[in-house]
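Please read the structure below before turning to the comments.
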Amino acid sequence: MEDTFSNLETYGYIGLFLYSLGGGFIALIGAGVLSFMGKMDLALVIPIAFVANALGDVLLFYMARYQKSMMMDGLRKHRRKLALAHIMMKKRGSWIIFIQKFVYGIKTLIPIAIGLTKYDFKKFAILNVLSAAVWALVFGFGSYYSGDALVKAAGVVGDKPWIAPIILVVFGGALWLYMHKATKKKVK
């Protein structure tokens, strides 16, 4: 167990950066809890997650804007989800850039959908940086201050390992059901 914590202290920040490029909820929450436990430094965790998250979305936007053919090849199976992202963008406007940081499942689709439109890059970048900062602060401090409860919950799951797959199946099933229902063709 001590080796695991030693590795997290050594490589945890690199893992947090890489994971936060594509989303980072779990990594940031884990790093916040490890900061609570004294194994990582919250003053480093939050800025690293913020920079990586903002950079990741800017890269997705850039690739969608300037590498459309390559992006569209990879998104053929997700056309309905991409259409849902466009609809959400039309309904919510610029607020969707902020909202997408907190909604698992659409995090990577929204910057791609926005990049495929004529949305101004500077406006996107500014809103993205602001929303990434809020995201990093909320989840970083939230997990740090909830560290005691999260450690106790992890202890319960460690004692009763059958709980973890149930939680994952329920969460994954709810996410799949939402995405399936939201992107289903409407019969008129």
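Chain identifiers are assigned as A, B, and so on, following the order in which chains appear in the structure tokens; residues are numbered from 1 within each chain, and ligands are numbered from 1 in order of appearance.
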Check: Neighbours of A:Asp41 within 9 Å (only C-alpha atoms; same-chain residues fewer than 5 positions away dropped), as a PyMOL selection string?
Finding: chain A and resi 31-32+34-36+46
Store the residues picked out above in a file with C-alpha atoms, as an mmCIF file, in the first residue's frame.
data_model
loop_
_atom_site.group_PDB
_atom_site.id
_atom_site.type_symbol
_atom_site.label_atom_id
_atom_site.label_comp_id
_atom_site.auth_asym_id
_atom_site.auth_seq_id
_atom_site.Cartn_x
_atom_site.Cartn_y
_atom_site.Cartn_z
ATOM 1 C CA ALA A 31 -6.422 13.992 -6.243
ATOM 2 C CA GLY A 32 -8.595 16.130 -3.951
ATOM 3 C CA LEU A 34 -5.341 12.403 -1.722
ATOM 4 C CA SER A 35 -4.679 16.056 -0.889
ATOM 5 C CA PHE A 36 -6.985 15.670 2.100
ATOM 6 C CA ILE A 46 -6.229 22.491 -8.878
#
Note to self: Residues within 7 Å of stretch 147-157 of chain A, please, as a PyMOL selection string. Count only C-alpha atoms; anything in the same chain fewer than 6 positions from it doesn't count.
What the structure shows: chain A and resi 33+36+163-164
Take the residues from that selection and write them out as a compact mmCIF listing (two decimals), in the first residue's frame, keeping C-alpha atoms.
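So the final result, stored in result-v6.txt, reads:
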# COMPACT_ATOMS: atom_id res chain seq x y z
CA VAL A 33 -9.06 13.19 -1.59
CA PHE A 36 -6.99 15.67 2.10
CA ILE A 163 -21.27 -2.56 -4.12
CA ALA A 164 -18.84 -1.06 -6.67
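Take the candidates A:Ser131, A:Ser143, A:Trp176, A:Val58 and check each one against A:Ala27 using only C-alpha atoms; the shortest distance goes to A:Ser143.
For stretch 22-25 of chain A, the residues within 8 Å (counting only C-alpha atoms, excluding itself and residues fewer than 2 positions away along the chain) are A:Leu16, A:Leu18, A:Tyr19, A:Ser20, A:Ala27, A:Leu28, A:Ile29, A:Ala49, A:Asn53, A:Gly56, A:Asp57, A:Lys101, A:Lys107, A:Thr108, A:Phe139.
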Check: In Å to one decimal, how far is atom CA of A:Ala182 from atom CA of A:Arg79?
Finding: 12.4 Å
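Here atom CA of A:Tyr178 and atom CA of A:Val103 stand 11.8 Å from one another.
For A:Leu55, the set of protein, DNA and RNA residues having any atom at most 12 Å away, when counting only C-alpha atoms and skipping those fewer than 6 positions along the same chain, is Phe17, Leu18, Tyr19, Ser20, Leu21, Gly22, Gly23, Pro47, Ile48, Ala49, Phe61, Tyr62, Pro111, Phe124, Ala125, Ile126, Asn128, Val129, Ala132 and Ala133 of chain A.
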Check: Can you list, as a PyMOL selection string, every protein, DNA or RNA residue that comes within 10 Å of A:Leu116 when you count only C-alpha atoms, leaving out same-chain residues fewer than 4 positions away?
Finding: chain A and resi 61-68+71-72+82+86+110-112
Next item on the list: Select, from A:Tyr144, A:Gly172, A:Met88, A:Gly158, the residue with the minimum atom-to-atom distance to A:Gln100, counting only C-alpha atoms.
Entry: A:Met88
Check: Quick one: of A:Val170, A:Ala43, A:Met179, A:Ala54, who's nearest to A:Arg80, counting only C-alpha atoms?
Finding: A:Met179
Next item on the list: Check the smallest atom-to-atom distance from each of A:Asp73, A:Ala113, A:His180, A:Pro165 to A:Ile87 using only C-alpha atoms, then report the winner.
Entry: A:Ala113
Check: How would you write, as a PyMOL selection string, the set of residues in stretch 22-170 of chain A that DSSP gives as helix (DSSP H, G or I)?
Finding: chain A and resi 25-36+42-66+68-74+76-92+95-102+109-115+121-145+147-159+163-170
Could those selected residues go to a file with C-alpha atoms, as a short mmCIF file (atom, residue, chain, number, x, y, z; two decimals), in the first residue's frame?
data_model
loop_
_atom_site.label_atom_id
_atom_site.label_comp_id
_atom_site.auth_asym_id
_atom_site.auth_seq_id
_atom_site.Cartn_x
_atom_site.Cartn_y
_atom_site.Cartn_z
CA PHE A 25 -13.77 14.28 -12.96
CA ILE A 26 -12.51 11.10 -11.34
CA ALA A 27 -8.84 12.09 -11.35
CA LEU A 28 -9.57 15.50 -9.83
CA ILE A 29 -11.81 14.01 -7.15
CA GLY A 30 -9.17 11.37 -6.40
CA ALA A 31 -6.42 13.99 -6.24
CA GLY A 32 -8.59 16.13 -3.95
CA VAL A 33 -9.06 13.19 -1.59
CA LEU A 34 -5.34 12.40 -1.72
CA SER A 35 -4.68 16.06 -0.89
CA PHE A 36 -6.99 15.67 2.10
CA LEU A 42 -4.09 20.80 -3.40
CA ALA A 43 -2.26 24.01 -4.40
CA LEU A 44 -0.78 22.00 -7.32
CA VAL A 45 -3.75 19.74 -8.01
CA ILE A 46 -6.23 22.49 -8.88
CA PRO A 47 -3.98 24.46 -11.29
CA ILE A 48 -2.82 21.27 -13.04
CA ALA A 49 -6.40 20.06 -13.56
CA PHE A 50 -7.48 23.55 -14.67
CA VAL A 51 -4.73 23.95 -17.27
CA ALA A 52 -5.18 20.44 -18.65
CA ASN A 53 -8.96 20.72 -18.85
CA ALA A 54 -8.89 24.09 -20.59
CA LEU A 55 -6.16 22.91 -22.96
CA GLY A 56 -8.03 19.69 -23.78
CA ASP A 57 -11.19 21.52 -24.84
CA VAL A 58 -9.24 24.07 -26.89
CA LEU A 59 -7.48 21.20 -28.68
CA LEU A 60 -10.82 19.51 -29.42
CA PHE A 61 -12.21 22.80 -30.74
CA TYR A 62 -9.11 23.37 -32.86
CA MET A 63 -9.13 19.84 -34.30
CA ALA A 64 -12.83 20.08 -35.16
CA ARG A 65 -12.31 23.47 -36.79
CA TYR A 66 -9.16 22.72 -38.79
CA LYS A 68 -12.77 18.31 -39.94
CA SER A 69 -12.28 15.33 -42.21
CA MET A 70 -10.16 13.48 -39.66
CA MET A 71 -12.59 14.29 -36.84
CA MET A 72 -15.67 13.30 -38.84
CA ASP A 73 -14.15 9.90 -39.67
CA GLY A 74 -13.86 9.19 -35.96
CA ARG A 76 -19.38 8.62 -37.72
CA LYS A 77 -20.89 6.43 -35.01
CA HIS A 78 -21.71 9.46 -32.87
CA ARG A 79 -23.57 11.63 -35.37
CA ARG A 80 -26.74 11.68 -33.26
CA LYS A 81 -24.83 12.68 -30.14
CA LEU A 82 -23.12 15.40 -32.13
CA ALA A 83 -26.53 16.58 -33.36
CA LEU A 84 -27.72 16.62 -29.74
CA ALA A 85 -24.73 18.78 -28.85
CA HIS A 86 -25.68 21.22 -31.64
CA ILE A 87 -29.26 21.37 -30.37
CA MET A 88 -28.05 21.98 -26.82
CA MET A 89 -25.80 24.74 -28.12
CA LYS A 90 -28.71 26.42 -29.89
CA LYS A 91 -30.95 26.14 -26.81
CA ARG A 92 -28.41 27.23 -24.19
CA TRP A 95 -23.85 28.76 -21.39
CA ILE A 96 -23.33 25.28 -22.83
CA ILE A 97 -19.56 25.84 -22.65
CA PHE A 98 -19.91 26.21 -18.88
CA ILE A 99 -22.54 23.49 -18.44
CA GLN A 100 -20.62 20.85 -20.39
CA LYS A 101 -17.80 20.84 -17.85
CA PHE A 102 -20.16 19.41 -15.25
CA LEU A 109 -18.78 16.43 -27.75
CA ILE A 110 -19.58 20.08 -27.05
CA PRO A 111 -16.14 21.53 -27.97
CA ILE A 112 -16.18 19.41 -31.13
CA ALA A 113 -19.71 20.55 -32.02
CA ILE A 114 -18.78 24.18 -31.39
CA GLY A 115 -15.59 23.78 -33.44
CA PHE A 121 -12.51 31.02 -31.22
CA LYS A 122 -11.56 33.87 -28.88
CA LYS A 123 -15.00 33.86 -27.28
CA PHE A 124 -14.84 30.08 -26.89
CA ALA A 125 -11.35 30.23 -25.40
CA ILE A 126 -12.30 32.89 -22.83
CA LEU A 127 -15.47 31.10 -21.77
CA ASN A 128 -13.66 27.78 -21.72
CA VAL A 129 -10.88 29.10 -19.48
CA LEU A 130 -13.40 30.64 -17.06
CA SER A 131 -15.50 27.49 -16.93
CA ALA A 132 -12.42 25.28 -16.50
CA ALA A 133 -11.36 27.43 -13.55
CA VAL A 134 -14.79 27.09 -11.91
CA TRP A 135 -14.79 23.34 -12.64
CA ALA A 136 -11.34 22.83 -11.10
CA LEU A 137 -12.17 24.90 -8.02
CA VAL A 138 -15.55 23.23 -7.43
CA PHE A 139 -14.33 19.65 -7.79
CA GLY A 140 -10.91 20.25 -6.25
CA PHE A 141 -12.14 21.98 -3.10
CA GLY A 142 -15.32 19.89 -3.02
CA SER A 143 -13.41 16.62 -2.94
CA TYR A 144 -10.84 18.01 -0.50
CA TYR A 145 -13.48 19.11 1.99
CA GLY A 147 -12.34 13.84 1.81
CA ASP A 148 -13.32 12.30 5.13
CA ALA A 149 -16.71 11.13 3.83
CA LEU A 150 -15.19 9.87 0.58
CA VAL A 151 -12.49 7.91 2.41
CA LYS A 152 -15.17 6.33 4.63
CA ALA A 153 -17.26 5.48 1.52
CA ALA A 154 -14.19 3.90 -0.08
CA GLY A 155 -13.71 1.87 3.10
CA VAL A 156 -17.30 0.59 2.89
CA VAL A 157 -16.82 -0.36 -0.76
CA GLY A 158 -13.52 -2.03 0.18
CA ASP A 159 -15.29 -4.09 2.85
CA ILE A 163 -21.27 -2.56 -4.12
CA ALA A 164 -18.84 -1.06 -6.67
CA PRO A 165 -20.12 -2.99 -9.72
CA ILE A 166 -23.71 -2.15 -8.79
CA ILE A 167 -22.89 1.56 -8.59
CA LEU A 168 -21.03 1.42 -11.92
CA VAL A 169 -23.84 -0.48 -13.66
CA VAL A 170 -26.50 1.91 -12.34
#
